[in-house]
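What follows is a single structure, written as structure tokens, with notes after it.
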Amino acid sequence: MVDGALAPCPDTGSEPLSPGQLLGHPGLLRAWRAVAGEKLGLGGPLSQAEVAEAIGRSRGWYQNLENGARPKTDRAVLDALAKTLLLGRDEHQALVLALLDGALTTIPDSFGSATVRRDLQMLLDQQLPNPAYLTDRVWNIIGYNAAMAALWPWVREPGANLIRWAMLSPEARFQYVDWNHHAAEYIKLLRYASTRYPHDADLSKLITDVKADPVCGRFWDTDVAAVSESRDGHLFKMALPSMGNQPIEVISHVLFPASLPGARATVITWAGTDEDTTPAAGSGQSSVRGTERTVAPWPGMPFATSERTASPRLAATPEEAVALAGPRAVRLPLLSTLLGGDGCHLVLEPEAGSVIRSTRHADGQWDFSETSAADLLRRLPATAATGDTLPEYKRLLRATLPDDPAEAARACGTQLQEARDRMGALAQVRGELLVGTGASRTA
């Protein structure tokens, strides 16, 4: 075989290729070797012999590595290889993952306890007015806040997947300004993921579907050395129908929750600067005095600033809150009165599991906050689960459970058992206290 020549693809028959087979370390190593030669001005790739000598291995050992072998390799050799090939942070990490056969575990679809998912949903809700969403290891949408759903309604669809939407939907190709650039960036994410989850069937299906697209397939075969772990900090433009299709600049911030391995929490912030402090007439945009950044005019969410807060807040009257919650909005008038009297109005958004609260202040102005249904349940008094407020309480409780009735029933069973255990413990403590005081157990 000629030094650096591509080995023929194995005959896999009708079996679907794994992410590792779709790309794998042989293709990455050859691509990186070619790029390193260009960076060094060699007029061609580094030779296999030069790489082998630099890392203290024989040419045959390295040639076998590029042909698909997985010899036992320590971290020092991998670090030397990354240095020789002039790899960046993401490429270096991809190399380690690829030659160690990916991450230690592949997280199943049902990953994450109900408590973890609920807490992360609270995190998303607290990002308002900024859109925020949560994806799993293959970019399935598993959580989003009201602003995300208002600007990008596709997240509500069953099986919504960020990369599938971004790469394959005509809607995304219109909304992303310079879509070709974004498509190339998403290909980098897929390549990186293929090194982390080389045996993941869902990832394999996603990569196969993207490669099968006539347009996206060309991106896969271009710049094959490029990989990326995330799009954290990327500044880009989008043209959204809800904002008159006028290009806006936003920044994506990507977080990796330690409690949910493989997941990504992404917050999208407005990229306005102090130069943007003069809003267009009727835009609903207002800037914060001083050095604060201009606030984004997210559609349907008029902004206002008041002396009560140093940062902009949504000003939502009860009727505006209902519109913000969408077509399935559920008013909670009795719980509203129970929680805050006439100056409090609660609206449940069942699909997102969130509650929009409008509060009227002494000056007659309203401001807005949003929380998860689960958090609101914790704030309500025990009497909320009885009497006239019980139907509203039940609607609120249902919004904290999974959409699937069978899964929701199982979650109810788990919570019921926890409640029984707590009641048992309380009964024991009460009995012990009564004995200690000499009082009757029936007191």
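Please note that chains go A, B, ... in the order of the structure tokens, that every chain numbers its residues from 1, and that ligands are numbered from 1 in the order shown.
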Contacts of Ala373 of chain A at 12 Å or less, counting only C-alpha atoms, minus same-chain residues fewer than 4 places along, as a ChimeraX atom specification? /A:118-119,121-122,125,332,346-357,377-380,392-401
What would the file look like if the residues just selected were written as an mmCIF file, in the first residue's frame with C-alpha atoms?
```
data_model
loop_
_atom_site.group_PDB
_atom_site.id
_atom_site.type_symbol
_atom_site.label_atom_id
_atom_site.label_comp_id
_atom_site.auth_asym_id
_atom_site.auth_seq_id
_atom_site.Cartn_x
_atom_site.Cartn_y
_atom_site.Cartn_z
ATOM 1 C CA ARG A 118 -37.074 18.679 36.613
ATOM 2 C CA ASP A 119 -34.210 20.654 38.124
ATOM 3 C CA GLN A 121 -36.016 22.446 33.418
ATOM 4 C CA MET A 122 -35.989 24.988 36.250
ATOM 5 C CA ASP A 125 -36.936 28.570 32.875
ATOM 6 C CA LEU A 332 -55.123 29.309 37.525
ATOM 7 C CA LEU A 346 -50.799 32.572 37.240
ATOM 8 C CA VAL A 347 -50.920 30.965 33.792
ATOM 9 C CA LEU A 348 -49.811 27.371 33.206
ATOM 10 C CA GLU A 349 -48.060 26.407 29.971
ATOM 11 C CA PRO A 350 -48.653 22.606 30.107
ATOM 12 C CA GLU A 351 -46.282 21.492 27.343
ATOM 13 C CA ALA A 352 -43.266 23.282 28.806
ATOM 14 C CA GLY A 353 -44.315 22.528 32.398
ATOM 15 C CA SER A 354 -43.848 26.186 33.312
ATOM 16 C CA VAL A 355 -45.974 28.844 34.995
ATOM 17 C CA ILE A 356 -46.015 32.526 34.035
ATOM 18 C CA ARG A 357 -46.717 34.827 36.976
ATOM 19 C CA LEU A 377 -46.102 23.356 43.850
ATOM 20 C CA ARG A 378 -43.436 23.608 46.533
ATOM 21 C CA ARG A 379 -44.422 27.226 47.243
ATOM 22 C CA LEU A 380 -48.155 26.597 47.582
ATOM 23 C CA GLU A 392 -56.214 23.595 39.461
ATOM 24 C CA TYR A 393 -53.700 21.886 41.745
ATOM 25 C CA LYS A 394 -54.154 18.646 39.790
ATOM 26 C CA ARG A 395 -53.548 20.441 36.468
ATOM 27 C CA LEU A 396 -50.368 21.883 37.915
ATOM 28 C CA LEU A 397 -49.299 18.485 39.237
ATOM 29 C CA ARG A 398 -49.917 16.818 35.866
ATOM 30 C CA ALA A 399 -47.620 19.341 34.174
ATOM 31 C CA THR A 400 -44.710 18.070 36.300
ATOM 32 C CA LEU A 401 -45.126 14.489 35.051
#
```
Taking the DSSP secondary structure from the backbone, can you list the residues of segment 21-156 of chain A that are strand (DSSP E or B), as a PyMOL selection string? chain A and resi 132-135+140-144
Picked from segment 43-270 of chain A by DSSP as alpha helix (DSSP H), as a short mmCIF file (atom, residue, chain, number, x, y, z; two decimals) with C-alpha atoms, in the first residue's frame:
```
data_model
loop_
_atom_site.label_atom_id
_atom_site.label_comp_id
_atom_site.auth_asym_id
_atom_site.auth_seq_id
_atom_site.Cartn_x
_atom_site.Cartn_y
_atom_site.Cartn_z
CA GLN A 48 3.97 8.03 8.20
CA ALA A 49 7.68 7.52 8.89
CA GLU A 50 8.06 11.11 10.16
CA VAL A 51 5.07 10.75 12.47
CA ALA A 52 6.26 7.37 13.76
CA GLU A 53 9.74 8.71 14.52
CA ALA A 54 8.32 11.74 16.34
CA ARG A 59 6.69 3.01 10.85
CA GLY A 60 4.90 -0.35 10.74
CA TRP A 61 3.20 0.33 14.08
CA TYR A 62 1.88 3.68 12.89
CA GLN A 63 0.90 2.32 9.48
CA ASN A 64 -1.17 -0.36 11.20
CA LEU A 65 -2.76 2.36 13.32
CA GLU A 66 -3.89 4.23 10.21
CA ARG A 75 -1.66 8.66 27.15
CA ALA A 76 1.93 9.82 26.63
CA VAL A 77 1.96 8.37 23.11
CA LEU A 78 -1.41 9.97 22.31
CA ASP A 79 -0.22 13.35 23.59
CA ALA A 80 2.96 13.07 21.49
CA LEU A 81 0.87 12.15 18.46
CA ALA A 82 -1.41 15.15 19.01
CA LYS A 83 1.64 17.43 19.28
CA THR A 84 3.19 16.00 16.11
CA ARG A 89 -7.93 21.03 21.96
CA ASP A 90 -11.01 19.47 20.34
CA GLU A 91 -8.95 17.42 17.86
CA HIS A 92 -6.70 16.21 20.70
CA GLN A 93 -9.71 15.13 22.74
CA ALA A 94 -11.25 13.42 19.69
CA LEU A 95 -8.00 11.51 19.14
CA VAL A 96 -8.01 10.23 22.72
CA LEU A 97 -11.67 9.21 22.51
CA ALA A 98 -11.22 7.51 19.13
CA LEU A 99 -8.23 5.40 20.18
CA ALA A 114 -37.15 12.69 37.01
CA THR A 115 -35.65 14.92 39.71
CA VAL A 116 -32.60 15.78 37.60
CA ARG A 117 -34.72 16.52 34.54
CA ARG A 118 -37.07 18.68 36.61
CA ASP A 119 -34.21 20.65 38.12
CA LEU A 120 -32.66 21.24 34.71
CA GLN A 121 -36.02 22.45 33.42
CA MET A 122 -35.99 24.99 36.25
CA LEU A 123 -32.55 26.10 35.05
CA LEU A 124 -33.94 26.63 31.55
CA ASP A 125 -36.94 28.57 32.87
CA ALA A 146 -41.17 29.39 26.80
CA ALA A 147 -38.95 31.83 24.88
CA MET A 148 -37.36 28.99 22.91
CA ALA A 149 -40.76 27.61 21.98
CA ALA A 150 -42.01 31.06 20.96
CA LEU A 151 -39.09 31.73 18.61
CA LEU A 162 -31.47 20.11 16.67
CA ILE A 163 -29.05 18.82 14.04
CA ARG A 164 -31.75 17.06 12.00
CA TRP A 165 -33.69 20.34 11.91
CA ALA A 166 -30.63 22.52 11.27
CA MET A 167 -29.23 20.32 8.51
CA LEU A 168 -32.25 18.86 6.75
CA PRO A 170 -35.91 23.95 4.50
CA GLU A 171 -36.99 26.19 7.39
CA ALA A 172 -33.50 26.11 8.94
CA ARG A 173 -31.79 26.73 5.61
CA PHE A 174 -33.77 29.97 5.39
CA GLN A 175 -33.45 31.06 9.01
CA TRP A 179 -26.48 28.37 6.24
CA ASN A 180 -23.49 26.74 4.51
CA HIS A 181 -21.21 27.91 7.31
CA HIS A 182 -23.55 26.50 9.95
CA ALA A 183 -23.87 23.19 8.13
CA ALA A 184 -20.09 22.83 8.15
CA GLU A 185 -20.02 23.59 11.88
CA TYR A 186 -22.67 20.94 12.63
CA ILE A 187 -20.68 18.39 10.63
CA LYS A 188 -17.74 19.09 12.96
CA LEU A 189 -19.99 18.31 15.93
CA LEU A 190 -21.08 15.02 14.37
CA ARG A 191 -17.50 14.00 13.69
CA TYR A 192 -16.53 14.70 17.28
CA ALA A 193 -19.55 12.80 18.61
CA SER A 194 -18.61 9.80 16.45
CA THR A 195 -15.35 9.52 18.41
CA ARG A 196 -17.13 9.80 21.76
CA ALA A 201 -27.08 3.37 16.97
CA ASP A 202 -29.04 6.63 17.23
CA LEU A 203 -25.96 8.67 16.35
CA SER A 204 -25.26 6.33 13.44
CA LYS A 205 -28.78 6.90 12.07
CA LEU A 206 -28.41 10.67 12.41
CA ILE A 207 -25.04 10.71 10.61
CA THR A 208 -26.33 8.39 7.89
CA ASP A 209 -29.38 10.60 7.26
CA VAL A 210 -27.23 13.72 7.09
CA LYS A 211 -24.76 12.08 4.70
CA ALA A 212 -27.60 10.85 2.49
CA PRO A 214 -27.37 15.59 -1.51
CA VAL A 215 -26.27 18.95 -0.09
CA CYS A 216 -25.12 17.88 3.38
CA GLY A 217 -23.25 14.87 2.01
CA ARG A 218 -20.81 17.22 0.30
CA PHE A 219 -20.09 18.95 3.61
CA TRP A 220 -19.23 15.59 5.20
#
```
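Going from atom CA of Gly343 of chain A to atom CA of Thr359 of chain A covers 5.6 Å.
Distance-wise, atom CA of Ala265 of chain A and atom CA of Val138 of chain A end up 12.9 Å apart.
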